[in-house]
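*Asks:* One file is attached below, upload_1.txt, containing compact mmCIF, C-alpha atoms.
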```txt
# COMPACT_ATOMS: atom_id res chain seq x y z
CA MET A 1 -9.17 -25.07 -22.41
CA SER A 2 -8.50 -27.39 -25.32
CA GLU A 3 -5.42 -26.82 -27.45
CA PRO A 4 -7.38 -25.95 -30.61
CA ASP A 5 -9.19 -23.17 -28.72
CA LEU A 6 -5.91 -21.69 -27.52
CA THR A 7 -4.39 -21.95 -30.98
CA SER A 8 -7.38 -20.18 -32.49
CA LYS A 9 -7.18 -17.37 -29.95
CA GLN A 10 -3.45 -17.03 -30.51
CA GLU A 11 -3.92 -16.69 -34.25
CA HIS A 12 -6.70 -14.16 -33.72
CA LEU A 13 -4.50 -12.14 -31.36
CA LEU A 14 -1.63 -12.01 -33.84
CA GLN A 15 -3.96 -11.00 -36.67
CA ILE A 16 -5.47 -8.18 -34.59
CA ILE A 17 -2.07 -6.76 -33.71
CA HIS A 18 -0.73 -7.21 -37.24
CA GLU A 19 -3.57 -5.05 -38.56
CA MET A 20 -2.70 -2.28 -36.09
CA GLY A 21 0.65 -1.55 -37.71
CA ARG A 22 3.24 -0.06 -35.36
CA VAL A 23 2.29 -0.68 -31.74
CA ALA A 24 3.59 0.72 -28.47
CA VAL A 25 2.97 -1.79 -25.68
CA ALA A 26 2.30 -0.34 -22.23
CA PHE A 27 4.68 -2.71 -20.47
CA SER A 28 5.02 -3.63 -16.81
CA GLY A 29 7.03 -6.86 -16.93
CA GLY A 30 3.99 -8.81 -15.74
CA VAL A 31 2.54 -11.77 -17.58
CA ASP A 32 -0.26 -9.88 -19.37
CA SER A 33 1.87 -7.15 -20.95
CA ALA A 34 4.65 -9.68 -21.65
CA VAL A 35 2.26 -11.80 -23.70
CA VAL A 36 1.07 -8.74 -25.61
CA ALA A 37 4.68 -7.71 -26.23
CA LYS A 38 5.59 -11.19 -27.49
CA ALA A 39 2.51 -11.23 -29.72
CA ALA A 40 3.47 -7.79 -31.05
CA VAL A 41 6.94 -9.04 -31.98
CA LEU A 42 5.52 -12.12 -33.68
CA ALA A 43 2.91 -10.05 -35.53
CA THR A 44 4.86 -6.92 -36.47
CA GLY A 45 8.54 -7.65 -35.83
CA SER A 46 10.68 -4.58 -35.28
CA GLN A 47 7.67 -2.27 -35.62
CA ALA A 48 6.75 -3.06 -32.01
CA ILE A 49 8.14 -1.22 -29.01
CA ALA A 50 7.49 -1.62 -25.29
CA VAL A 51 7.16 1.35 -22.94
CA ILE A 52 7.42 1.27 -19.15
CA ALA A 53 6.95 4.08 -16.66
CA GLU A 54 9.74 4.67 -14.18
CA SER A 55 7.74 5.68 -11.12
CA PRO A 56 8.03 5.57 -7.31
CA SER A 57 4.97 3.29 -7.37
CA LEU A 58 7.08 0.45 -8.78
CA PRO A 59 9.00 -1.90 -6.48
CA ILE A 60 12.76 -1.50 -6.41
CA GLY A 61 14.27 -3.49 -9.27
CA ALA A 62 11.05 -3.64 -11.31
CA VAL A 63 12.41 -1.64 -14.24
CA ASP A 64 15.61 -3.71 -14.41
CA GLU A 65 13.51 -6.88 -14.35
CA ALA A 66 11.34 -5.49 -17.14
CA ARG A 67 14.44 -4.76 -19.20
CA SER A 68 15.54 -8.37 -18.83
CA ILE A 69 12.12 -9.71 -19.82
CA ALA A 70 11.89 -7.38 -22.82
CA SER A 71 15.32 -8.53 -23.93
CA GLN A 72 14.24 -12.16 -23.75
CA ILE A 73 11.10 -11.34 -25.73
CA GLY A 74 13.14 -9.48 -28.31
CA ILE A 75 11.38 -6.14 -28.09
CA GLU A 76 12.93 -2.71 -27.59
CA LEU A 77 12.04 -1.17 -24.23
CA LYS A 78 11.67 2.57 -23.75
CA VAL A 79 11.72 3.81 -20.14
CA LEU A 80 9.80 7.03 -19.52
CA ASN A 81 9.64 9.07 -16.33
CA THR A 82 6.07 9.72 -15.28
CA HIS A 83 5.05 12.29 -12.72
CA GLU A 84 1.75 11.10 -11.33
CA PHE A 85 2.91 11.91 -7.78
CA GLU A 86 2.79 15.57 -8.77
CA ASN A 87 -0.96 15.25 -9.40
CA GLU A 88 -2.92 16.07 -6.25
CA LYS A 89 -5.86 13.97 -7.50
CA TYR A 90 -3.56 10.96 -7.70
CA ARG A 91 -2.07 11.61 -4.27
CA ALA A 92 -5.55 12.07 -2.75
CA ASN A 93 -6.02 8.34 -3.34
CA SER A 94 -9.76 8.26 -3.76
CA GLY A 95 -11.32 5.21 -5.40
CA ASN A 96 -10.28 6.32 -8.90
CA ARG A 97 -6.55 6.83 -8.25
CA CYS A 98 -5.65 4.34 -10.99
CA PHE A 99 -7.37 6.55 -13.56
CA PHE A 100 -4.88 9.35 -12.97
CA CYS A 101 -1.93 6.95 -13.06
CA LYS A 102 -2.90 5.48 -16.44
CA ASP A 103 -3.93 8.87 -17.75
CA THR A 104 -0.44 10.16 -16.96
CA LEU A 105 1.20 7.13 -18.55
CA TYR A 106 -0.72 7.35 -21.82
CA GLU A 107 -0.29 11.12 -21.97
CA THR A 108 3.46 10.74 -21.41
CA ILE A 109 3.72 8.19 -24.21
CA GLY A 110 1.92 10.65 -26.47
CA GLN A 111 4.32 13.42 -25.51
CA HIS A 112 7.20 11.22 -26.71
CA ALA A 113 5.57 10.33 -30.02
CA HIS A 114 8.42 12.09 -31.85
CA GLU A 115 10.86 9.48 -30.55
CA ILE A 116 8.53 6.50 -30.17
CA SER A 117 7.19 5.64 -33.60
CA TYR A 118 3.77 4.02 -33.24
CA ASP A 119 0.27 3.98 -34.66
CA VAL A 120 -1.53 2.51 -31.67
CA ILE A 121 -0.90 2.14 -27.92
CA VAL A 122 -1.92 -1.27 -26.60
CA ASN A 123 -2.20 -2.58 -23.04
CA GLY A 124 -2.38 -5.94 -21.29
CA THR A 125 -6.02 -5.88 -20.20
CA ASN A 126 -7.64 -9.31 -20.54
CA THR A 127 -11.30 -10.31 -20.43
CA ASP A 128 -11.20 -11.22 -16.73
CA ASP A 129 -10.20 -7.64 -15.93
CA LEU A 130 -13.49 -6.36 -17.32
CA GLY A 131 -15.39 -7.83 -14.39
CA ASP A 132 -13.30 -5.96 -11.82
CA TYR A 133 -13.27 -2.31 -10.74
CA ARG A 134 -10.49 -0.80 -12.86
CA PRO A 135 -10.63 2.98 -13.33
CA GLY A 136 -7.57 2.72 -15.55
CA LEU A 137 -9.79 1.28 -18.29
CA GLU A 138 -11.53 4.65 -18.58
CA ALA A 139 -8.16 6.34 -19.09
CA ALA A 140 -7.36 3.82 -21.81
CA SER A 141 -10.65 4.61 -23.51
CA GLN A 142 -10.02 8.35 -23.41
CA HIS A 143 -6.59 7.90 -25.03
CA SER A 144 -7.83 5.42 -27.67
CA VAL A 145 -5.67 2.67 -26.20
CA ARG A 146 -6.60 -0.77 -27.45
CA SER A 147 -6.68 -4.06 -25.55
CA PRO A 148 -5.82 -6.84 -28.02
CA LEU A 149 -6.25 -9.60 -25.43
CA VAL A 150 -9.84 -8.49 -24.87
CA GLU A 151 -10.45 -8.17 -28.60
CA ALA A 152 -9.21 -11.74 -29.07
CA GLY A 153 -11.38 -13.04 -26.20
CA ILE A 154 -8.37 -14.03 -24.09
CA ASN A 155 -8.72 -14.43 -20.33
CA LYS A 156 -6.12 -14.77 -17.57
CA ALA A 157 -5.83 -18.54 -17.89
CA ASP A 158 -5.29 -18.16 -21.63
CA VAL A 159 -2.61 -15.53 -20.99
CA ARG A 160 -0.63 -17.85 -18.74
CA ALA A 161 -1.04 -20.72 -21.17
CA LEU A 162 0.29 -18.59 -24.02
CA ALA A 163 3.17 -17.31 -21.87
CA LYS A 164 4.12 -20.89 -21.04
CA GLU A 165 3.87 -21.98 -24.68
CA TRP A 166 6.09 -19.06 -25.71
CA ASN A 167 8.59 -19.89 -22.93
CA LEU A 168 8.20 -16.52 -21.27
CA PRO A 169 9.86 -16.54 -17.83
CA VAL A 170 6.88 -14.76 -16.27
CA TRP A 171 4.29 -17.38 -17.19
CA ASN A 172 3.71 -18.22 -13.50
CA LYS A 173 4.67 -14.85 -12.03
CA PRO A 174 2.14 -13.67 -9.40
CA ALA A 175 0.17 -10.55 -10.14
CA SER A 176 1.85 -7.48 -8.68
CA PRO A 177 -0.22 -4.29 -8.80
CA CYS A 178 1.60 -1.02 -8.17
CA LEU A 179 2.67 -0.15 -4.64
CA SER A 180 0.16 2.69 -4.45
CA SER A 181 -2.61 0.08 -4.47
CA ARG A 182 -1.45 -0.96 -1.00
CA ILE A 183 -2.27 2.46 0.49
CA ALA A 184 -5.71 2.75 2.14
CA HIS A 185 -8.20 4.78 0.11
CA GLY A 186 -8.30 8.32 1.46
CA LEU A 187 -4.78 8.14 2.89
CA GLU A 188 -2.46 10.29 0.82
CA VAL A 189 -0.12 8.38 -1.48
CA THR A 190 3.42 9.57 -0.83
CA GLN A 191 6.79 8.32 -1.96
CA GLU A 192 7.70 7.64 1.67
CA ARG A 193 4.68 5.38 2.16
CA VAL A 194 5.14 3.36 -1.02
CA ARG A 195 8.84 2.88 -0.26
CA ARG A 196 7.90 1.70 3.24
CA VAL A 197 5.48 -0.84 1.79
CA ASP A 198 8.04 -2.02 -0.74
CA ALA A 199 10.70 -2.53 1.90
CA ALA A 200 8.26 -4.39 4.17
CA GLU A 201 7.11 -6.74 1.40
CA ARG A 202 10.64 -7.49 0.26
CA TYR A 203 11.66 -8.26 3.85
CA LEU A 204 8.67 -10.54 4.49
CA LYS A 205 9.07 -12.44 1.22
CA GLN A 206 12.65 -13.23 2.12
CA LYS A 207 11.92 -13.92 5.78
CA LEU A 208 8.98 -16.24 5.08
CA ASN A 209 10.24 -17.60 1.74
CA LEU A 210 7.05 -16.56 -0.07
CA MET A 211 6.50 -15.26 -3.58
CA GLU A 212 3.15 -13.60 -2.96
CA LEU A 213 1.88 -11.52 -0.06
CA ARG A 214 0.72 -7.98 0.63
CA VAL A 215 1.46 -5.30 3.19
CA ARG A 216 -1.47 -2.90 3.27
CA HIS A 217 -0.68 0.58 4.62
CA GLU A 218 -3.66 1.66 6.69
CA PHE A 219 -4.26 4.89 8.60
CA HIS A 220 -2.21 5.65 11.73
CA ASP A 221 0.85 3.89 10.25
CA LEU A 222 -0.76 0.46 10.64
CA ALA A 223 0.58 -2.39 8.52
CA ARG A 224 -1.99 -5.06 7.65
CA ILE A 225 -0.17 -8.18 6.46
CA GLU A 226 -1.98 -10.53 4.08
CA LEU A 227 -0.46 -14.01 3.71
CA PRO A 228 -1.73 -17.08 1.87
CA ASN A 229 -4.07 -18.99 4.20
CA SER A 230 -1.67 -21.92 4.34
CA GLU A 231 1.04 -19.62 5.74
CA LEU A 232 -0.91 -17.76 8.42
CA THR A 233 0.56 -19.76 11.30
CA ALA A 234 4.17 -19.36 10.15
CA ILE A 235 4.30 -15.77 11.29
CA MET A 236 3.23 -16.69 14.84
CA ASP A 237 6.49 -18.36 15.77
CA ASN A 238 7.72 -16.10 18.57
CA THR A 239 11.17 -15.50 17.12
CA ILE A 240 9.82 -14.80 13.63
CA ARG A 241 7.04 -12.60 15.01
CA GLU A 242 9.45 -10.52 17.07
CA ASP A 243 11.85 -10.13 14.14
CA ILE A 244 9.01 -8.92 11.92
CA LEU A 245 7.74 -6.49 14.54
CA LEU A 246 11.18 -5.01 14.98
CA GLU A 247 11.88 -4.68 11.25
CA LEU A 248 8.54 -3.15 10.31
CA GLN A 249 8.72 -0.74 13.21
CA LYS A 250 12.14 0.35 11.97
CA LEU A 251 10.51 1.09 8.62
CA GLY A 252 8.05 3.45 10.30
CA PHE A 253 4.98 1.34 11.01
CA ARG A 254 3.53 1.87 14.49
CA TYR A 255 1.18 -1.10 14.51
CA ILE A 256 1.62 -4.44 12.73
CA THR A 257 -1.38 -6.74 12.27
CA LEU A 258 -2.04 -10.06 10.54
CA ASP A 259 -5.20 -10.21 8.43
CA LEU A 260 -6.89 -13.51 9.31
CA ALA A 261 -8.80 -13.45 6.02
CA GLY A 262 -5.48 -14.09 4.29
CA PHE A 263 -4.18 -12.83 0.97
CA ARG A 264 -6.67 -11.61 -1.62
CA SER A 265 -6.03 -9.32 -4.53
CA GLY A 266 -7.81 -5.97 -4.49
CA SER A 267 -8.90 -6.11 -0.85
CA MET A 268 -8.59 -2.33 -0.55
CA ASN A 269 -11.63 -2.05 -2.83
CA ASP A 270 -13.76 -3.80 -0.21
CA VAL A 271 -14.28 -0.51 1.63
CA LEU A 272 -15.35 1.50 -1.43
CA PRO A 273 -19.05 2.39 -1.56
CA ILE A 274 -21.02 0.71 -4.31
CA GLU A 275 -21.64 4.13 -5.92
CA THR A 276 -17.90 4.54 -6.46
CA LEU A 277 -17.66 1.15 -8.14
CA GLN A 278 -20.47 2.04 -10.53
CA ILE A 279 -19.61 5.56 -11.68
CA SER A 280 -17.29 6.48 -14.53
CA ASN A 281 -14.23 8.59 -13.87
CA LYS A 282 -14.44 12.20 -14.93
```
Now, as a test, write the supplied structure out as structure tokens.

*Replies:*
Amino acid sequence: MSEPDLTSKQEHLLQIIHEMGRVAVAFSGGVDSAVVAKAAVLATGSQAIAVIAESPSLPIGAVDEARSIASQIGIELKVLNTHEFENEKYRANSGNRCFFCKDTLYETIGQHAHEISYDVIVNGTNTDDLGDYRPGLEAASQHSVRSPLVEAGINKADVRALAKEWNLPVWNKPASPCLSSRIAHGLEVTQERVRRVDAAERYLKQKLNLMELRVRHEFHDLARIELPNSELTAIMDNTIREDILLELQKLGFRYITLDLAGFRSGSMNDVLPIETLQISNK
């Protein structure tokens, strides 16, 4: 993208948010919501506030990291406890689990409207997200949540370019969907399982010195490890392989497998029937 194009989109983004008045940014600490939060500060100053859900589906340390990022951006961060794990439809983990997560988040923000002064809730959805299966977008629609990045025509590459221009520390941070997205569809999402996945991923990142990988929790306590293609052979060193087997078995996995297709975001959706990908969430 040429610089004038990015500048034009940036100005459009700031104008859109400025016209919203007081905004509450659904914040995760990732690059998308960080860019929206920074834009909100630039456009509305102290009228902007960021809101993050404290949930078992977040990796350990995620909220503290979000606090640090919000501080660097200069936006107040409100931490709210959400209770999506109490919703049996969320725990059932059908193809639309994300709907119930976002529905809970936006509803919780609304319940705290007396202490969070805002006119509009905004999220970090960008135009590239519209081509993917994201049930959470339906929840956003039902709660009148706006997506300023989409309204400004900003895609993922634009987001990272803006984050870099604004010196945001997350400009090159890998995408990190919630831990529940690692649980096989149809397998109940429990706090024990998401904690197991979190511990396994943290161990493997340190062991293999990688920033991005996935541990998918399949049925029968099977761990399916996705690594970047360039790193697939690293795990086959006998000493490393045995260490990983031992550690993941300690965490409660019975079987540990390496996915030869390598890392790819959203691979759990590969098993969903096309009908599920096409229907709206009710």

*Asks:* Expressed in Å to a single decimal, how great is the separation between atom CA of A:Gly186 and atom CA of A:Pro228?

*Replies:* 26.2 Å

*Asks:* What is the atom CA of A:Arg254 to atom CA of A:Thr233 distance in Å?

*Replies:* 22.1 Å

*Asks:* Please, what distance in Å, to one decimal, runs between atom CA of A:Gly124 and atom CA of A:His83?

*Replies:*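 About the pair atom CA of A:Gly124 and atom CA of A:His83: they are 21.5 Å apart.
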
*Asks:* Find the residues around A:Tyr90 up to 8 Å (only C-alpha atoms counted), leave out those fewer than 5 positions away in its own chain, and share them as a list in words.

*Replies:*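 Non-adjacent residues within range: Glu84, Phe85, Arg97, Cys98, Phe100, Cys101 and Val189 of chain A.
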
*Asks:* Which one of A:Gln249, A:Gln111, A:Thr125, A:Asn87 sits closest to A:Gly153 if you count all atoms listed in the file?

*Replies:*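 Smallest separation from A:Gly153 among the options: A:Thr125.
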
*Asks:* Taking 3 positions as the minimum chain separation for residues in the same chain, which residues sit within 9 Å of A:Ala199 when counting only C-alpha atoms? Answer as JSON, numbers by chain.

*Replies:* {"A": [59, 60, 194, 195, 196, 202, 203, 204, 248, 251]}

*Asks:* Which of these, A:Ser8, A:Ile49, A:Ile17, A:Lys102, has the shortest distance to A:Glu138 once you count only C-alpha atoms?

*Replies:* A:Lys102

*Asks:* Let me make sure I understand: among A:Leu260, A:Met20, A:Ala62, A:Ala39, which one has the smallest atom-to-atom distance to A:Gly74 if we use all atoms listed in the file?

*Replies:*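 Under the stated criterion, the closest residue is A:Ala39.
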
*Asks:* Counting all atoms listed in the file, what is within 12 Å of A:Ile235, bar same-chain residues fewer than 2 positions away, as a PyMOL selection string?

*Replies:* chain A and resi 204-205+207-210+225-233+237-245+256-260

*Asks:* Go through A:Asn93, A:Thr82, A:Ser28, A:Ser46 one by one, measure the shortest atom-to-atom distance of each to A:Gly110 using all atoms listed in the file, and give the residue with the smallest value.

*Replies:*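 Nearest to A:Gly110: A:Thr82.
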
*Asks:* Please determine, counting only C-alpha atoms, which residue among A:Glu76, A:Glu65, A:Asp198, A:Glu247 has the shortest atom-to-atom distance to A:Ser181.

*Replies:*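 Ranking A:Glu76, A:Glu65, A:Asp198, A:Glu247 by distance to A:Ser181, first place goes to A:Asp198.
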
*Asks:* Within 10 Å of (-1.9, -3.1, -8.9) in the file's own coordinates, which protein, DNA or RNA residues have an atom, counting only C-alpha atoms? List them as a list in words.

*Replies:* Ser57, Leu58, Cys98, Arg134, Ala175, Ser176, Pro177, Cys178, Leu179, Ser180, Ser181, Arg182, Ser265 and Gly266 of chain A
